[in-house]
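So the structure is just underneath, and the comments pick up after that.
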2 protein chains.
Amino acid sequence: MTVLTKRRVTIRQVAEEAGVSTQTVSRVINNRPDVAPATRQRVQEVIARLGYQPSYFARSLVQGRSFTIGVVGYGLDYFGPSCTLAGIEREASQLGYRLLLSLIRQPETNRVDQLLGEMLSRHVDGLIWAVPEIGDNRAWVDQAHELPVPIVFLTMEPRPDRFVIAVDNYSGALMATRHLIAQGCKTVGLITGPLDWWEARQRQAGWRDALASVGLPHEDSLIAKGNWSAASGEAGFDRLLAQHPEIDGVFACNDQMALGVLRAARRLGRRVPGELAVVGFDDWPEAAYLYPSLSTVRQDMVELGRRAVRVLDQAIETVQGGTVPAPKTVLLQPELIVRESSFLDKR
Amino acid sequence: MTVLTKRRVTIRQVAEEAGVSTQTVSRVINNRPDVAPATRQRVQEVIARLGYQPSYFARSLVQGRSFTIGVVGYGLDYFGPSCTLAGIEREASQLGYRLLLSLIRQPETNRVDQLLGEMLSRHVDGLIWAVPEIGDNRAWVDQAHELPVPIVFLTMEPRPDRFVIAVDNYSGALMATRHLIAQGCKTVGLITGPLDWWEARQRQAGWRDALASVGLPHEDSLIAKGNWSAASGEAGFDRLLAQHPEIDGVFACNDQMALGVLRAARRLGRRVPGELAVVGFDDWPEAAYLYPSLSTVRQDMVELGRRAVRVLDQAIETVQGGTVPAPKTVLLQPELIVRESSFLDKR
DNA sequence: GTGAAAGCGCTAACAC
DNA sequence: GTGTTAGCGCTTTCAC
């Protein structure tokens, strides 16, 4: 508990106490070789005794590097983003960074300027933009070339001039829908997320292409628009069934909406599994404990965060080295998890 | 997008460009009154043109204040902690603070020293310790008097010499159990969390006292120890039922474990609601969409976080004013949410 | 090996 | 009103 001293100890006090100059202390705390062993030891003793803690702060000012990453996140009350943040923190911490966190509540914020400004004025070494791409909330990205530090974008349409880390939503939706088809479904409905979300559009495209490629129906009346909530999934299935009583499969674009579908199906007397096969997206931890347990597409949000930090770290190092880092895209592959809810009685 | 300039602009460049001293620029950016209107305008123009962004960093160094709060959190893959963090961020942002975030994975960490040291060396104005009280992971708190900045503890046993913000778990458990009793339950089992968690012990105590006060059984064989997961809730109910086939009520100490109980009950052929009444704790967003929808005890984790920041802010102001702030405890009251799962057929 | 001087970007205190 | 000086805590450069 030696660090916990009432007043901040400075390098000067240590120097005085040890009878050396501040430079020597600096050399010791930075593990420079050119210090006499005896001196080094003496200084170290004083440091321990006084509980001296070098100020990263002052150090950053002169070195132009803070070992801090700015993270702009969104909607921590959802499971996915929380995991992503956890992943970011974990990797960052391993690489020796701390996190400066900012959350935004409306993803269409126009405070982007102010936000970035605040982070930059705290001298972050790099930025992670962990806000979903919604509507035109990416318009500003074109100008981000001008940022003095590298920035990595999470969950947006990959583009060659940016660092982007994303899950392959299209491919995940393809897997989910093909699985339903393989189960024998003839009419597969879709509960989408809000279509101004890039992720939602990708998943919808996957659903459509999977059906189109085998000649199954995929018209708009098979699509119910949800808002990621269980309530919207429930309502969406009601609408779907009203128009298509023959429906025997549903791909819900997240697990919460799938939960809503399960609830609606029960209320309307459709057996799941058996008469109706349901697949979700996310693999949220409770999916395995629903009744029936939910088949879904797992995306590893923790890994997403970690990758973002690794990529950013490399970019930061490159910048520190004086070069301009080459943008890079990482597309993580999701995984189909088959449980009970997607089983269909063959007819 | 004016802030996004390639190289950081300093106060000196602005001063030169505007033909004034750095001091005058400083006065303008700090909105000091003693600047001639004409000068002020000229400076502001230059600031806008150059996209100058003052460095909080350098400012903090000289002012001894960073408008940054250090947050040490835990287990962001759970819903509660995520909400708390969201609440912290929101309030902090409103009060003009940024967050420096650190997550720990084992709550019994002995890296407390290092962690606090790192935060302090980044000159945080105050700290929020948002890690549950587990085992003796609070032993170090006795020494925290020596910290140079105020620290607020979340979710731990209140004590008069500390800032503590917590939910009244005892009272919540009391409400849950009394509700089950009021429904007509005669044998009420308990699925606890790990008992080295303070919260788990509080909830257990509430359960016990509620039963004891009306003369209903509350022996240890009615208690199954879980670990907050749905799996442990399911296994716990199996054990409970084996020993007490007459069981007609269960209080699960969180909603996940309650979900496990629902699953086990279904498997074992106990009707919920009807034969078995179940109440959870947390009111996690999907609780209303389970089948049956889950009665539970709502705790407002977002508010918990916000309160922590407000209390910390006051303490910081007091410290800045040169006084020692008086510790304070805030105990938030949870709320019983009655849904379907706790109904019991009267006999 | 070690120290003195200069400076990172800013503001407090004091001059004028 | 505005500029000058000094200094926050540290590191870098260059003496010795």
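Each chain in the structure tokens gets a letter, A, B, ..., in the order shown, and its residues are numbered from 1; ligands are numbered from 1 in order too.
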
Identify, on the basis of only C-alpha atoms (C1' of nucleotides), every residue whose closest approach to Ala287 of chain A does not exceed 12 Å; exclude the query and any residue fewer than 4 positions from it along the same chain; express the result as an MDAnalysis selection string.
-> (chainID A and resid 254:259 262 278:283 291:298 337:341) or (chainID B and resid 230:231 256 259:260 286 290)

Selection from above, C-alpha atoms, as a CSV table (one decimal), in the first residue's frame, can you write it?
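See result31.csv below for the written result:
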chain,number,residue,atom,x,y,z
A,254,ASN,CA,-30.9,-10.7,-32.6
A,255,ASP,CA,-31.6,-12.9,-29.7
A,256,GLN,CA,-33.9,-10.5,-27.9
A,257,MET,CA,-36.2,-10.3,-30.8
A,258,ALA,CA,-36.0,-14.1,-31.1
A,259,LEU,CA,-37.2,-14.3,-27.5
A,262,LEU,CA,-40.8,-17.5,-29.0
A,278,VAL,CA,-36.4,-20.0,-34.9
A,279,VAL,CA,-32.8,-18.8,-35.2
A,280,GLY,CA,-31.5,-15.7,-33.5
A,281,PHE,CA,-28.3,-13.7,-33.7
A,282,ASP,CA,-25.6,-12.8,-31.0
A,283,ASP,CA,-25.6,-15.8,-28.8
A,291,TYR,CA,-37.3,-22.6,-23.5
A,292,PRO,CA,-36.7,-23.9,-26.0
A,293,SER,CA,-33.0,-23.2,-26.0
A,294,LEU,CA,-32.2,-20.8,-28.9
A,295,SER,CA,-30.3,-21.6,-32.0
A,296,THR,CA,-28.3,-18.6,-32.9
A,297,VAL,CA,-25.3,-17.1,-34.6
A,298,ARG,CA,-22.5,-16.3,-32.2
A,337,ILE,CA,-24.9,-22.5,-32.8
A,338,VAL,CA,-27.6,-25.1,-33.2
A,339,ARG,CA,-29.8,-25.7,-30.2
A,340,GLU,CA,-33.4,-26.7,-29.8
A,341,SER,CA,-35.4,-23.9,-31.3
B,230,ALA,CA,-28.6,-19.7,-15.2
B,231,ALA,CA,-26.9,-23.1,-15.0
B,256,GLN,CA,-30.4,-15.5,-14.5
B,259,LEU,CA,-34.3,-18.4,-15.5
B,260,GLY,CA,-32.5,-21.6,-14.6
B,286,GLU,CA,-35.7,-9.6,-20.7
B,290,LEU,CA,-39.6,-14.9,-20.3

Taking only C-alpha atoms (C1' of nucleotides) into account, produce a table as CSV in which each residue of chain D with an atom at most 8 Å from an atom of chain B appears once, together with its shortest atom pair and the distance in Å to one decimal, ordered by chain and rising number.
residue,atom,partner,partner_atom,distance
D:DG1,C1',B:Val35,CA,5.8
D:DT2,C1',B:Thr24,CA,7.0
D:DG3,C1',B:Ser21,CA,6.4
D:DC8,C1',B:Val62,CA,4.2
D:DG9,C1',B:Leu61,CA,7.8

Could you list, as JSON, numbers by chain, the residues of chain B having an atom within 8 Å of chain A when counting only C-alpha atoms?
-> {"B": [1, 2, 3, 4, 5, 6, 7, 8, 53, 54, 55, 56, 57, 58, 61, 75, 76, 77, 78, 79, 82, 83, 85, 86, 89, 90, 93, 98, 99, 100, 101, 102, 103, 113, 114, 116, 117, 120, 121, 122, 123, 140, 143, 144, 146, 147, 148, 230, 231, 256, 259, 260, 263, 286, 289, 290, 291]}

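For the pair atom C1' of DG3 of chain C and atom C1' of DA15 of chain D, the interatomic distance is 8.6 Å.
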
If you run DSSP on the backbone, which residues of segment 163-259 of chain A are alpha helix (DSSP H), as number ranges by chain?
-> A: 169-182, 198-213, 230-243, 255-259

Hey, can you check how far atom CA of Ala252 of chain A sits from atom CA of Thr192 of chain A?
->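 Atom CA of Thr192 of chain A lies at a distance of 6.4 Å from atom CA of Ala252 of chain A.
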
Find the spatial neighbours of DT5 of chain D, counting only C-alpha atoms (C1' of nucleotides), within a cut-off of 12 Å - ignore same-chain residues fewer than 2 positions away - and output them as a list in words.
->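 Near neighbours after the sequence-gap exclusion: Gln23 of chain B; DT11, DA12, DA13, DC14 and DA15 of chain C; DG3 and DG7 of chain D.
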
Spatial neighbours of segment 310-315 of chain A, 7 Å, only C-alpha atoms (C1' of nucleotides), chain gap at least 5 places, as a ChimeraX atom specification | /A:126,150,152,325

Expected file contents, prior selection, C-alpha atoms, as a compact mmCIF listing (two decimals), in the first residue's frame:
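Output contents, as saved in out.txt:
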# COMPACT_ATOMS: atom_id res chain seq x y z
CA GLY A 126 -5.28 6.72 -30.58
CA PRO A 150 -4.96 6.94 -35.67
CA VAL A 152 -10.11 2.47 -35.58
CA PRO A 325 0.19 3.49 -41.02

What separates atom CA of Gln333 of chain A and atom CA of Glu219 of chain A is a distance of 27.1 Å

Counting only C-alpha atoms (C1' of nucleotides), which residues of chain C fall within 10 Å of chain A, and what is the closest atom pair for each with its distance in Å at one decimal, ordered by chain and rising number, as CSV?
residue,atom,partner,partner_atom,distance
C:DG1,C1',A:Val35,CA,5.8
C:DT2,C1',A:Thr24,CA,7.1
C:DG3,C1',A:Ser21,CA,6.4
C:DA4,C1',A:Ser21,CA,9.5
C:DG7,C1',A:Val62,CA,8.2
C:DC8,C1',A:Val62,CA,4.2
C:DG9,C1',A:Leu61,CA,7.7

So, counting only C-alpha atoms, which residue among B:Phe251, B:Phe153, B:Phe343, B:Trp198 is closest to Leu222 of chain B?
->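 Of the candidates, the smallest distance to Leu222 of chain B is held by B:Phe251.
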
Mind checking DSSP for segment 162-264 of chain A and telling me the strand (DSSP E or B) residues as JSON, numbers by chain?
-> {"A": [163, 164, 165, 166, 167, 188, 189, 190, 191, 192, 197, 223, 224, 225, 249, 250, 251, 252]}

May I have the residues from that selection written out with N, CA and C atoms, as an mmCIF file, in the first residue's frame?
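Now in selection-v4.cif:
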data_model
loop_
_atom_site.group_PDB
_atom_site.id
_atom_site.type_symbol
_atom_site.label_atom_id
_atom_site.label_comp_id
_atom_site.auth_asym_id
_atom_site.auth_seq_id
_atom_site.Cartn_x
_atom_site.Cartn_y
_atom_site.Cartn_z
ATOM 1 N N PHE A 163 -9.202 2.103 -40.879
ATOM 2 C CA PHE A 163 -9.113 0.917 -40.042
ATOM 3 C C PHE A 163 -10.526 0.528 -39.636
ATOM 4 N N VAL A 164 -10.935 -0.651 -40.038
ATOM 5 C CA VAL A 164 -12.280 -1.100 -39.689
ATOM 6 C C VAL A 164 -12.220 -2.527 -39.160
ATOM 7 N N ILE A 165 -12.867 -2.750 -38.041
ATOM 8 C CA ILE A 165 -12.972 -4.097 -37.491
ATOM 9 C C ILE A 165 -14.451 -4.402 -37.382
ATOM 10 N N ALA A 166 -14.885 -5.478 -37.990
ATOM 11 C CA ALA A 166 -16.317 -5.770 -37.961
ATOM 12 C C ALA A 166 -16.554 -7.267 -37.995
ATOM 13 N N VAL A 167 -17.763 -7.642 -37.634
ATOM 14 C CA VAL A 167 -18.180 -9.023 -37.768
ATOM 15 C C VAL A 167 -18.842 -9.163 -39.131
ATOM 16 N N VAL A 188 -39.619 -18.755 -44.837
ATOM 17 C CA VAL A 188 -38.779 -18.243 -43.748
ATOM 18 C C VAL A 188 -38.958 -16.736 -43.614
ATOM 19 N N GLY A 189 -39.525 -16.324 -42.504
ATOM 20 C CA GLY A 189 -39.701 -14.891 -42.243
ATOM 21 C C GLY A 189 -38.451 -14.276 -41.655
ATOM 22 N N LEU A 190 -38.420 -12.957 -41.674
ATOM 23 C CA LEU A 190 -37.275 -12.241 -41.122
ATOM 24 C C LEU A 190 -37.757 -11.147 -40.187
ATOM 25 N N ILE A 191 -37.166 -11.120 -39.013
ATOM 26 C CA ILE A 191 -37.385 -9.961 -38.140
ATOM 27 C C ILE A 191 -36.093 -9.162 -38.182
ATOM 28 N N THR A 192 -36.137 -8.016 -38.787
ATOM 29 C CA THR A 192 -34.900 -7.236 -38.936
ATOM 30 C C THR A 192 -34.711 -6.278 -37.768
ATOM 31 N N TRP A 197 -29.481 0.835 -39.574
ATOM 32 C CA TRP A 197 -28.245 0.232 -39.058
ATOM 33 C C TRP A 197 -27.596 -0.604 -40.155
ATOM 34 N N ILE A 223 -40.884 -9.815 -44.334
ATOM 35 C CA ILE A 223 -39.969 -9.063 -43.471
ATOM 36 C C ILE A 223 -40.759 -8.217 -42.483
ATOM 37 N N ALA A 224 -40.424 -8.365 -41.204
ATOM 38 C CA ALA A 224 -41.022 -7.483 -40.193
ATOM 39 C C ALA A 224 -39.898 -6.675 -39.580
ATOM 40 N N LYS A 225 -40.128 -5.404 -39.513
ATOM 41 C CA LYS A 225 -39.072 -4.540 -39.002
ATOM 42 C C LYS A 225 -39.149 -4.423 -37.488
ATOM 43 N N GLY A 249 -40.510 -20.886 -40.516
ATOM 44 C CA GLY A 249 -39.163 -20.574 -40.030
ATOM 45 C C GLY A 249 -39.032 -19.080 -39.831
ATOM 46 N N VAL A 250 -38.266 -18.680 -38.838
ATOM 47 C CA VAL A 250 -38.023 -17.257 -38.620
ATOM 48 C C VAL A 250 -36.554 -17.042 -38.272
ATOM 49 N N PHE A 251 -35.978 -16.094 -38.966
ATOM 50 C CA PHE A 251 -34.644 -15.644 -38.576
ATOM 51 C C PHE A 251 -34.814 -14.264 -37.938
ATOM 52 N N ALA A 252 -34.515 -14.199 -36.644
ATOM 53 C CA ALA A 252 -34.615 -12.920 -35.938
ATOM 54 C C ALA A 252 -33.207 -12.354 -35.825
#

Name the residues in contact with Gly172 of chain A at a cut-off of 8 Å, using only C-alpha atoms (C1' of nucleotides), excluding same-chain residues fewer than 4 positions from it; report them as a ChimeraX atom specification.
-> /A:168,176,203,206,297,333-336
